[in-house]
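Notes for the one structure printed next.
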Amino acid sequence: MKTIEANIVDVIQKKIFPARIFFDTHIQKIEPLPFTNENRFILPGFVDAHVHIESGMLPPSEFARMAVRHGTLAAVSDPHEIANVLGMEGIDFMIADAARVPFRFVFGAPSCVPATPFETAGANITVDDIDKLFHEGKTGYLSEMMNFPGVVHNDPEVMAKIAVAKKYGKTIDGHAPGLSGEALQSYIDSGISTDHECTTVEEAEEKIHAGMKILIREGSAAKNFDVLCPLIDKYPDKVMLCTDDLHPDDLLRGHINKLIAKGVEKGLDLFSILRAATLNPCEHYQIDLGLVQVGDYADFIIVDNLEEFNVLQSFSRGICVFNRIGDEPDLQLKPAMTSVSNCFGATPITVSDIQVVATSDKMKVMQVFDGELFTKKNFADVKKGFPMISNTTADILKIVVLNRYQPAKPAVAFIHGFGLKQGALVSTVAHDSHHIVAVGCDDISIVKAINHVIDIKGGLAAIYRQQIIGLNLDIAGLMSSASGEEVALAYEKLNSVASRMGSKLTSPFMTLSFMALLVIPELKLGDKGLFDVGQFNWTDLF
């Protein structure tokens, strides 16, 4: 039997008191003490209520090793990124790799693979596949239903997937940016219970009043915490915290603990924000994570104060998985899994493949915004009959998406807001079908960048002063088998290079990765062409 003395922060009873905890795999006894230890506070482990692990470019086991340093002991994870590339094999890889670590992963059954019928998919997750995942107990909920038009208009396949989740009594996650009124109510009435796409308090409150729970997102690209955090005190039982997509350099610096610290600094009630990070996701997703109650699993963390939440130790089922003090070891990984297959059939391209001639005197331009996933549709004056190239003075750059699964003609459009003055950026992390997406100042650099990631079968790269600075993603072109520290360092270098190239975006590669996501308004580029999300159909560039 182990013991620890500290101040218990009881999220359920909303009180703080000094105590001695007796525990093995479970908490056997909590003995109140007459004195206070001012530098040690025991809290429940934190939960990331919605995250795509693959977006951190690390497999689940390495994500966990990094996350426990910041007090996160559980994650609700939608593996639809790797599912879009490898289907059921990819999901099985994520589950098997997660089993290497004492960390609670609740994986979802991807509901939208492919995300839309308008792009070339690497795989297809069917109704039968989802039934199998639930029947075999591999997944705990139906992942975000991004096809909200399909729900509102009762698409048979969409409704069949929802029906399977209901049959097994599973929670159904939502994804409904900007949805309102009767369409929103129809979406919720189908059984969908959450949304993580809110960008205003008004949107979030409408969804809460209609019956949803809101996941406040603060990731590497989309940052909504500052706007939405007033919801935490106003609706303490209706809100959770999540990152959605978090790159490795950000994970190295902090996780959910940073949001809690920010909330406390803003004057939010301590117990309300801790509830959003612990009790609420555990109840909603039925996570068997201890909450520092007698009889619970011995899942808890120790922090040095209740302002910054610096984690001293993390315990999972009584095992010390992170230790900044003492002699106990950090989280230990079981032997590595067999590597997963890749799916990469793209062939090299030439400059002529991405040349475009104006067919009118007006051209549509994607407008990107820092810290947001959505774009706006703008227009630029051009000369009909002339070839279109990047204009760095006006910050209108060429963007290219190339099918990664088979040889194909590149799709070309133009984008404003990246700010590059030279070179090109490229990524094979391109939500959700994960084709190759590149943006650049000249056609030669764009082609060089694309051909580089084709050669290495997946990764990120910057072409800067004719040199290639890259990060190899050897796991399905999405994740790296290197350590989290190595990946974070390489990614930080890429962002630094992008800054030297002129980009003012906080996370240019993360932003780039969402420019091919056809379910986030307003204008996006898929492997088959320019897509108007509002009309949910193709649109002409000119």
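Each chain in the structure tokens gets a letter, A, B and so on, in the order shown; residues start at 1 in every chain, and ligands are counted from 1 in the order they appear.
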Per residue of range 275-364 of chain A within 12 Å of range 102-110 of chain A, record the nearest atom pair and its distance in Å to one decimal, counting only C-alpha atoms, with rows in chain order and ascending residue number, as JSON lines.
```
{"residue": "A:Pro281", "atom": "CA", "partner": "A:Val106", "partner_atom": "CA", "distance": 10.8}
{"residue": "A:Cys282", "atom": "CA", "partner": "A:Val106", "partner_atom": "CA", "distance": 10.3}
{"residue": "A:His284", "atom": "CA", "partner": "A:Val106", "partner_atom": "CA", "distance": 11.6}
{"residue": "A:Tyr285", "atom": "CA", "partner": "A:Val106", "partner_atom": "CA", "distance": 8.0}
{"residue": "A:Gln286", "atom": "CA", "partner": "A:Val106", "partner_atom": "CA", "distance": 9.1}
{"residue": "A:Ile287", "atom": "CA", "partner": "A:Val106", "partner_atom": "CA", "distance": 7.4}
{"residue": "A:Asp288", "atom": "CA", "partner": "A:Arg104", "partner_atom": "CA", "distance": 8.0}
{"residue": "A:Leu289", "atom": "CA", "partner": "A:Arg104", "partner_atom": "CA", "distance": 7.4}
{"residue": "A:Gly290", "atom": "CA", "partner": "A:Arg104", "partner_atom": "CA", "distance": 10.7}
{"residue": "A:Tyr297", "atom": "CA", "partner": "A:Arg104", "partner_atom": "CA", "distance": 11.7}
{"residue": "A:Ala298", "atom": "CA", "partner": "A:Pro102", "partner_atom": "CA", "distance": 12.0}
{"residue": "A:Asp299", "atom": "CA", "partner": "A:Phe103", "partner_atom": "CA", "distance": 9.8}
{"residue": "A:Phe300", "atom": "CA", "partner": "A:Phe103", "partner_atom": "CA", "distance": 11.9}
{"residue": "A:Ser314", "atom": "CA", "partner": "A:Phe103", "partner_atom": "CA", "distance": 10.8}
{"residue": "A:Phe315", "atom": "CA", "partner": "A:Pro102", "partner_atom": "CA", "distance": 9.4}
{"residue": "A:Ser316", "atom": "CA", "partner": "A:Pro102", "partner_atom": "CA", "distance": 6.4}
{"residue": "A:Arg317", "atom": "CA", "partner": "A:Pro102", "partner_atom": "CA", "distance": 7.9}
{"residue": "A:Gly318", "atom": "CA", "partner": "A:Pro102", "partner_atom": "CA", "distance": 10.1}
{"residue": "A:Ile319", "atom": "CA", "partner": "A:Pro102", "partner_atom": "CA", "distance": 8.2}
{"residue": "A:Cys320", "atom": "CA", "partner": "A:Pro102", "partner_atom": "CA", "distance": 9.8}
{"residue": "A:Val321", "atom": "CA", "partner": "A:Pro102", "partner_atom": "CA", "distance": 7.8}
{"residue": "A:Phe322", "atom": "CA", "partner": "A:Pro102", "partner_atom": "CA", "distance": 11.2}
{"residue": "A:Asp330", "atom": "CA", "partner": "A:Pro102", "partner_atom": "CA", "distance": 11.2}
{"residue": "A:Leu331", "atom": "CA", "partner": "A:Pro102", "partner_atom": "CA", "distance": 7.8}
{"residue": "A:Gln332", "atom": "CA", "partner": "A:Pro102", "partner_atom": "CA", "distance": 8.5}
{"residue": "A:Leu333", "atom": "CA", "partner": "A:Pro102", "partner_atom": "CA", "distance": 8.7}
{"residue": "A:Lys334", "atom": "CA", "partner": "A:Pro102", "partner_atom": "CA", "distance": 9.8}
```
Q) Counting only C-alpha atoms, what is within 12 Å of range 504-508 of chain A, bar same-chain residues fewer than 3 positions away, as a PyMOL selection string? A) chain A and resi 219-223+245-250+368-373+395+416-421+424-427+438-439+460-462+491-501+511-515
Keeping only N, CA and C atoms, write the selected residues to a file as a CSV table (one decimal), in the first residue's frame.
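Just written: out-v5.csv:
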```
chain,number,residue,atom,x,y,z
A,219,GLY,N,-6.5,24.6,-29.9
A,219,GLY,CA,-5.5,23.8,-30.5
A,219,GLY,C,-4.4,24.6,-31.0
A,220,SER,N,-3.6,24.1,-32.0
A,220,SER,CA,-2.5,24.8,-32.6
A,220,SER,C,-3.0,25.8,-33.7
A,221,ALA,N,-4.2,25.5,-34.4
A,221,ALA,CA,-4.7,26.4,-35.4
A,221,ALA,C,-5.9,27.1,-34.9
A,222,ALA,N,-6.9,26.4,-34.4
A,222,ALA,CA,-8.2,27.0,-33.9
A,222,ALA,C,-8.1,27.2,-32.4
A,223,LYS,N,-8.3,28.5,-32.1
A,223,LYS,CA,-8.1,28.9,-30.7
A,223,LYS,C,-9.4,29.7,-30.3
A,245,ASP,N,-6.8,19.6,-32.6
A,245,ASP,CA,-5.5,19.3,-33.3
A,245,ASP,C,-4.4,20.1,-32.6
A,246,LEU,N,-3.4,19.3,-32.1
A,246,LEU,CA,-2.3,20.0,-31.4
A,246,LEU,C,-1.0,19.4,-31.9
A,247,HIS,N,-0.2,20.4,-32.4
A,247,HIS,CA,1.1,20.0,-32.9
A,247,HIS,C,2.2,19.7,-31.8
A,248,PRO,N,3.2,19.0,-32.1
A,248,PRO,CA,4.1,18.5,-31.1
A,248,PRO,C,4.9,19.6,-30.3
A,249,ASP,N,5.2,20.7,-30.9
A,249,ASP,CA,5.9,21.7,-30.2
A,249,ASP,C,5.0,22.3,-29.1
A,250,ASP,N,3.7,22.5,-29.4
A,250,ASP,CA,2.7,23.0,-28.5
A,250,ASP,C,2.5,21.9,-27.3
A,368,VAL,N,-7.4,33.3,-45.8
A,368,VAL,CA,-7.1,32.5,-44.6
A,368,VAL,C,-6.9,33.5,-43.4
A,369,PHE,N,-7.3,33.0,-42.2
A,369,PHE,CA,-7.2,33.8,-41.0
A,369,PHE,C,-6.4,33.1,-39.9
A,370,ASP,N,-5.5,33.8,-39.3
A,370,ASP,CA,-4.6,33.2,-38.3
A,370,ASP,C,-5.5,32.6,-37.1
A,371,GLY,N,-5.2,31.4,-36.7
A,371,GLY,CA,-6.0,30.8,-35.6
A,371,GLY,C,-7.3,30.3,-35.9
A,372,GLU,N,-7.7,30.3,-37.2
A,372,GLU,CA,-9.0,29.8,-37.6
A,372,GLU,C,-8.9,28.8,-38.7
A,373,LEU,N,-9.9,27.9,-38.7
A,373,LEU,CA,-10.0,26.9,-39.8
A,373,LEU,C,-10.8,27.3,-41.0
A,395,ASP,N,0.2,39.3,-51.8
A,395,ASP,CA,0.1,38.1,-51.0
A,395,ASP,C,-1.1,37.2,-51.5
A,416,HIS,N,-4.9,33.9,-50.0
A,416,HIS,CA,-4.4,35.2,-49.4
A,416,HIS,C,-4.2,35.0,-47.9
A,417,GLY,N,-3.1,35.4,-47.4
A,417,GLY,CA,-3.0,35.4,-45.9
A,417,GLY,C,-1.8,34.6,-45.4
A,418,PHE,N,-1.1,33.9,-46.3
A,418,PHE,CA,0.1,33.2,-45.8
A,418,PHE,C,1.3,34.1,-45.7
A,419,GLY,N,1.4,35.1,-46.5
A,419,GLY,CA,2.4,36.1,-46.3
A,419,GLY,C,3.8,35.7,-46.8
A,420,LEU,N,4.0,34.5,-47.4
A,420,LEU,CA,5.3,34.1,-47.9
A,420,LEU,C,5.9,35.0,-48.9
A,421,LYS,N,7.2,35.3,-48.8
A,421,LYS,CA,7.8,36.1,-49.8
A,421,LYS,C,8.8,35.3,-50.7
A,424,ALA,N,8.4,27.7,-50.8
A,424,ALA,CA,7.1,27.0,-50.7
A,424,ALA,C,7.1,26.1,-49.4
A,425,LEU,N,5.9,25.8,-49.0
A,425,LEU,CA,5.6,24.9,-47.9
A,425,LEU,C,4.7,23.7,-48.5
A,426,VAL,N,4.9,22.6,-47.9
A,426,VAL,CA,4.2,21.4,-48.4
A,426,VAL,C,3.9,20.5,-47.2
A,427,SER,N,2.8,19.8,-47.2
A,427,SER,CA,2.4,18.8,-46.2
A,427,SER,C,1.6,17.7,-46.7
A,438,ALA,N,0.3,22.1,-51.0
A,438,ALA,CA,1.5,23.0,-51.0
A,438,ALA,C,1.0,24.4,-51.3
A,439,VAL,N,1.8,25.4,-50.8
A,439,VAL,CA,1.6,26.8,-51.1
A,439,VAL,C,2.9,27.4,-51.3
A,460,LEU,N,6.5,16.8,-44.0
A,460,LEU,CA,6.4,18.2,-44.2
A,460,LEU,C,7.7,18.8,-44.7
A,461,ALA,N,7.6,19.9,-45.4
A,461,ALA,CA,8.9,20.4,-45.9
A,461,ALA,C,8.7,21.9,-46.3
A,462,ALA,N,9.8,22.6,-46.2
A,462,ALA,CA,9.9,24.0,-46.6
A,462,ALA,C,11.0,24.1,-47.7
A,491,TYR,N,9.7,20.3,-36.0
A,491,TYR,CA,8.6,21.1,-36.4
A,491,TYR,C,8.8,22.6,-36.0
A,492,GLU,N,9.4,22.8,-34.9
A,492,GLU,CA,9.7,24.2,-34.5
A,492,GLU,C,10.7,24.8,-35.5
A,493,LYS,N,11.6,24.0,-36.0
A,493,LYS,CA,12.5,24.5,-37.0
A,493,LYS,C,11.8,24.9,-38.3
A,494,LEU,N,10.8,24.1,-38.7
A,494,LEU,CA,10.0,24.3,-39.9
A,494,LEU,C,9.2,25.6,-39.8
A,495,ASN,N,8.6,25.8,-38.6
A,495,ASN,CA,7.8,27.0,-38.4
A,495,ASN,C,8.7,28.3,-38.4
A,496,SER,N,9.9,28.1,-37.8
A,496,SER,CA,10.9,29.2,-37.8
A,496,SER,C,11.3,29.6,-39.2
A,497,VAL,N,11.5,28.5,-40.0
A,497,VAL,CA,11.9,28.8,-41.4
A,497,VAL,C,10.8,29.5,-42.2
A,498,ALA,N,9.5,29.0,-41.9
A,498,ALA,CA,8.4,29.6,-42.6
A,498,ALA,C,8.3,31.1,-42.2
A,499,SER,N,8.6,31.4,-40.9
A,499,SER,CA,8.6,32.8,-40.5
A,499,SER,C,9.6,33.6,-41.3
A,500,ARG,N,10.8,33.0,-41.4
A,500,ARG,CA,11.9,33.7,-42.2
A,500,ARG,C,11.5,33.9,-43.7
A,501,MET,N,10.6,33.0,-44.1
A,501,MET,CA,10.1,33.1,-45.5
A,501,MET,C,9.1,34.2,-45.7
A,511,THR,N,-2.2,25.5,-40.3
A,511,THR,CA,-3.2,26.2,-41.1
A,511,THR,C,-3.3,25.6,-42.5
A,512,LEU,N,-2.1,25.3,-43.1
A,512,LEU,CA,-2.1,24.7,-44.5
A,512,LEU,C,-2.8,23.4,-44.5
A,513,SER,N,-2.7,22.6,-43.4
A,513,SER,CA,-3.3,21.3,-43.4
A,513,SER,C,-4.8,21.3,-43.4
A,514,PHE,N,-5.4,22.5,-43.1
A,514,PHE,CA,-6.9,22.6,-43.2
A,514,PHE,C,-7.4,23.2,-44.4
A,515,MET,N,-6.5,23.6,-45.4
A,515,MET,CA,-7.0,24.2,-46.6
A,515,MET,C,-7.6,23.3,-47.6
```
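The spacing separating CA of Phe536 in chain A from CA of Glu203 in chain A amounts to 21.3 Å.
CA of Ser272 in chain A is positioned 21.6 Å from CA of Val294 in chain A.
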Q: For each of A:Asn84, A:Asn342, A:Glu182, A:Ile454, take the minimum atom-to-atom distance to His153 in chain A, counting only C-alpha atoms, then give the residue where this is smallest.
A: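 Smallest separation from His153 in chain A among the options: A:Glu182.
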(Q) Quick check, in Å to one decimal: how far apart do CA of Val9 in chain A and CA of Gly45 in chain A lie? (A)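 For CA of Val9 in chain A relative to CA of Gly45 in chain A, the distance reads 11.4 Å.
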Can you check which parts of range 442-533 of chain A lie within 9 Å of range 54-62 of chain A? Per residue, the shortest pair of atoms and distance in Å to one decimal, counting only C-alpha atoms, sorted by chain and number, as CSV.
```
residue,atom,partner,partner_atom,distance
A:Leu473,CA,A:Met57,CA,7.3
A:Ile475,CA,A:Pro59,CA,8.3
A:Leu478,CA,A:Met57,CA,5.8
A:Met479,CA,A:Met57,CA,3.9
A:Ser480,CA,A:Leu58,CA,5.6
A:Ser481,CA,A:Leu58,CA,7.1
A:Ala482,CA,A:Leu58,CA,8.1
A:Ser483,CA,A:Glu62,CA,7.0
A:Gly484,CA,A:Glu62,CA,6.3
A:Val487,CA,A:Met57,CA,7.7
A:Met510,CA,A:Ser55,CA,8.6
```
Using N, CA and C atoms, can you export the residues from the last selection as an mmCIF file, in the first residue's frame?
```cif
data_model
loop_
_atom_site.group_PDB
_atom_site.id
_atom_site.type_symbol
_atom_site.label_atom_id
_atom_site.label_comp_id
_atom_site.auth_asym_id
_atom_site.auth_seq_id
_atom_site.Cartn_x
_atom_site.Cartn_y
_atom_site.Cartn_z
ATOM 1 N N LEU A 473 7.468 11.813 -42.103
ATOM 2 C CA LEU A 473 6.375 11.182 -41.363
ATOM 3 C C LEU A 473 6.220 9.756 -41.899
ATOM 4 N N ILE A 475 5.004 7.024 -40.577
ATOM 5 C CA ILE A 475 3.827 6.218 -40.234
ATOM 6 C C ILE A 475 2.636 6.761 -41.021
ATOM 7 N N LEU A 478 1.594 10.433 -41.855
ATOM 8 C CA LEU A 478 0.905 11.287 -40.887
ATOM 9 C C LEU A 478 1.683 11.474 -39.593
ATOM 10 N N MET A 479 2.408 10.436 -39.173
ATOM 11 C CA MET A 479 3.069 10.450 -37.868
ATOM 12 C C MET A 479 4.518 10.004 -38.018
ATOM 13 N N SER A 480 5.309 10.366 -37.013
ATOM 14 C CA SER A 480 6.722 10.005 -37.013
ATOM 15 C C SER A 480 7.001 8.984 -35.918
ATOM 16 N N SER A 481 7.927 8.085 -36.185
ATOM 17 C CA SER A 481 8.337 7.115 -35.175
ATOM 18 C C SER A 481 9.440 7.660 -34.279
ATOM 19 N N ALA A 482 9.876 8.895 -34.535
ATOM 20 C CA ALA A 482 10.883 9.532 -33.676
ATOM 21 C C ALA A 482 10.244 9.958 -32.357
ATOM 22 N N SER A 483 11.053 10.356 -31.395
ATOM 23 C CA SER A 483 10.535 10.785 -30.101
ATOM 24 C C SER A 483 9.774 12.095 -30.235
ATOM 25 N N GLY A 484 8.899 12.355 -29.271
ATOM 26 C CA GLY A 484 8.152 13.595 -29.284
ATOM 27 C C GLY A 484 9.046 14.814 -29.258
ATOM 28 N N VAL A 487 10.537 15.285 -32.801
ATOM 29 C CA VAL A 487 9.530 15.781 -33.741
ATOM 30 C C VAL A 487 9.205 17.240 -33.440
ATOM 31 N N MET A 510 0.028 23.983 -39.703
ATOM 32 C CA MET A 510 -1.279 23.559 -39.228
ATOM 33 C C MET A 510 -2.375 24.221 -40.068
#
```
Q | Shortest interatomic distance to Leu402 in chain A - which of A:Asp442, A:Pro156, A:Met388, A:Glu119, counting only C-alpha atoms | A |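 Among the listed residues, the smallest separation from Leu402 in chain A belongs to A:Glu119.
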With the cut-off set at 7 Å and counting only C-alpha atoms, tabulate each residue of range 385-454 of chain A with an atom at most that distance from an atom of range 344-353 of chain A, showing the nearest atom pair and its distance in Å to one decimal, ordered by chain and increasing number, as a tab-separated table.
```
residue	atom	partner	partner_atom	distance
A:Asn403	CA	A:Ala346	CA	6.4
A:Arg404	CA	A:Ala346	CA	4.7
A:Tyr405	CA	A:Gly345	CA	4.5
A:Gln406	CA	A:Gly345	CA	4.4
A:Pro407	CA	A:Ala346	CA	4.8
A:Lys409	CA	A:Asp353	CA	6.9
A:Pro410	CA	A:Asp353	CA	6.7
A:Asp443	CA	A:Val351	CA	6.0
A:Ile444	CA	A:Val351	CA	6.2
A:Val447	CA	A:Val351	CA	6.2
A:Asn451	CA	A:Pro348	CA	5.2
A:Ile454	CA	A:Ala346	CA	6.5
```
(Q) Need to verify the contact set: Gly150 in chain A, 12 Å, only C-alpha atoms, exclusion of same-chain residues closer than 2 positions in sequence. Can you return it as a count of residues only? (A) 27
Q: Pick out the residues sitting within 6 Å of Phe41 in chain A, and hand them over as a PyMOL selection string; count only C-alpha atoms, and ignore anything fewer than 2 positions along from it in its own chain.
A: chain A and resi 6-8+302-303
Q: Determine which residues of range 281-512 of chain A receive a DSSP assignment of strand (DSSP E or B), computed from the backbone, and state them as a PyMOL selection string.
A: chain A and resi 297+300-303+311-316+319-323+356-357+362-368+375-381+387-388+391+396-402+411-416+424-427+436-440+459-464+467-472+475+479
Since we have the selection now, will you write its residues out, keeping C-alpha atoms, as a compact mmCIF listing (two decimals), in the first residue's frame?
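Ended up saving to again07.txt:
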```
# COMPACT_ATOMS: atom_id res chain seq x y z
CA TYR A 297 -8.87 4.02 -9.63
CA PHE A 300 -4.44 11.57 -9.99
CA ILE A 301 -1.82 14.25 -10.41
CA ILE A 302 0.14 16.41 -8.00
CA VAL A 303 0.72 20.08 -8.81
CA VAL A 311 2.77 19.04 -12.59
CA LEU A 312 5.11 17.32 -10.14
CA GLN A 313 3.81 13.75 -10.53
CA SER A 314 1.17 11.88 -12.50
CA PHE A 315 -0.30 8.54 -11.41
CA SER A 316 -2.32 6.15 -13.56
CA ILE A 319 1.60 3.72 -11.26
CA CYS A 320 3.76 6.84 -11.35
CA VAL A 321 3.86 7.65 -15.07
CA PHE A 322 5.56 11.03 -14.72
CA ASN A 323 7.84 12.17 -11.94
CA VAL A 356 -3.25 27.89 -64.98
CA VAL A 357 -4.53 30.39 -67.55
CA LYS A 362 -12.13 37.82 -61.96
CA MET A 363 -10.53 35.06 -59.89
CA LYS A 364 -11.75 33.57 -56.61
CA VAL A 365 -9.23 33.70 -53.78
CA MET A 366 -9.26 31.77 -50.50
CA GLN A 367 -8.77 34.17 -47.56
CA VAL A 368 -7.07 32.52 -44.58
CA THR A 375 -11.69 30.77 -44.96
CA LYS A 376 -13.55 33.55 -46.76
CA LYS A 377 -14.22 33.83 -50.48
CA ASN A 378 -12.54 36.90 -51.98
CA PHE A 379 -12.00 38.03 -55.57
CA ALA A 380 -8.97 39.37 -57.41
CA ASP A 381 -8.77 41.25 -60.70
CA PRO A 387 -1.01 32.51 -67.05
CA MET A 388 -1.61 32.92 -63.32
CA ASN A 391 1.84 37.56 -56.51
CA ILE A 396 -1.96 36.04 -53.43
CA LEU A 397 -0.11 32.74 -53.62
CA LYS A 398 -0.66 29.59 -55.62
CA ILE A 399 -1.97 26.62 -53.62
CA VAL A 400 -1.87 23.08 -55.02
CA VAL A 401 -3.50 19.84 -53.89
CA LEU A 402 -2.27 16.57 -55.39
CA ALA A 411 -5.78 20.91 -58.41
CA VAL A 412 -4.74 24.58 -58.37
CA ALA A 413 -6.18 27.69 -56.70
CA PHE A 414 -4.96 30.88 -55.02
CA ILE A 415 -4.87 31.95 -51.39
CA HIS A 416 -4.36 35.18 -49.44
CA ALA A 424 7.13 26.99 -50.69
CA LEU A 425 5.59 24.89 -47.92
CA VAL A 426 4.18 21.39 -48.35
CA SER A 427 2.42 18.82 -46.16
CA ILE A 436 -0.47 16.55 -50.69
CA VAL A 437 -1.08 20.28 -50.14
CA ALA A 438 1.46 22.99 -51.00
CA VAL A 439 1.55 26.78 -51.09
CA GLY A 440 4.35 28.83 -52.59
CA GLY A 459 6.09 14.47 -44.48
CA LEU A 460 6.37 18.24 -44.16
CA ALA A 461 8.89 20.42 -45.92
CA ALA A 462 9.87 24.00 -46.65
CA ILE A 463 11.80 25.10 -49.72
CA TYR A 464 13.93 28.00 -48.48
CA GLN A 467 17.24 24.15 -49.77
CA ILE A 468 14.84 21.50 -48.41
CA ILE A 469 14.10 21.58 -44.68
CA GLY A 470 11.86 18.65 -43.81
CA LEU A 471 10.23 16.30 -41.34
CA ASN A 472 9.73 12.68 -42.43
CA ILE A 475 3.83 6.22 -40.23
CA MET A 479 3.07 10.45 -37.87
```
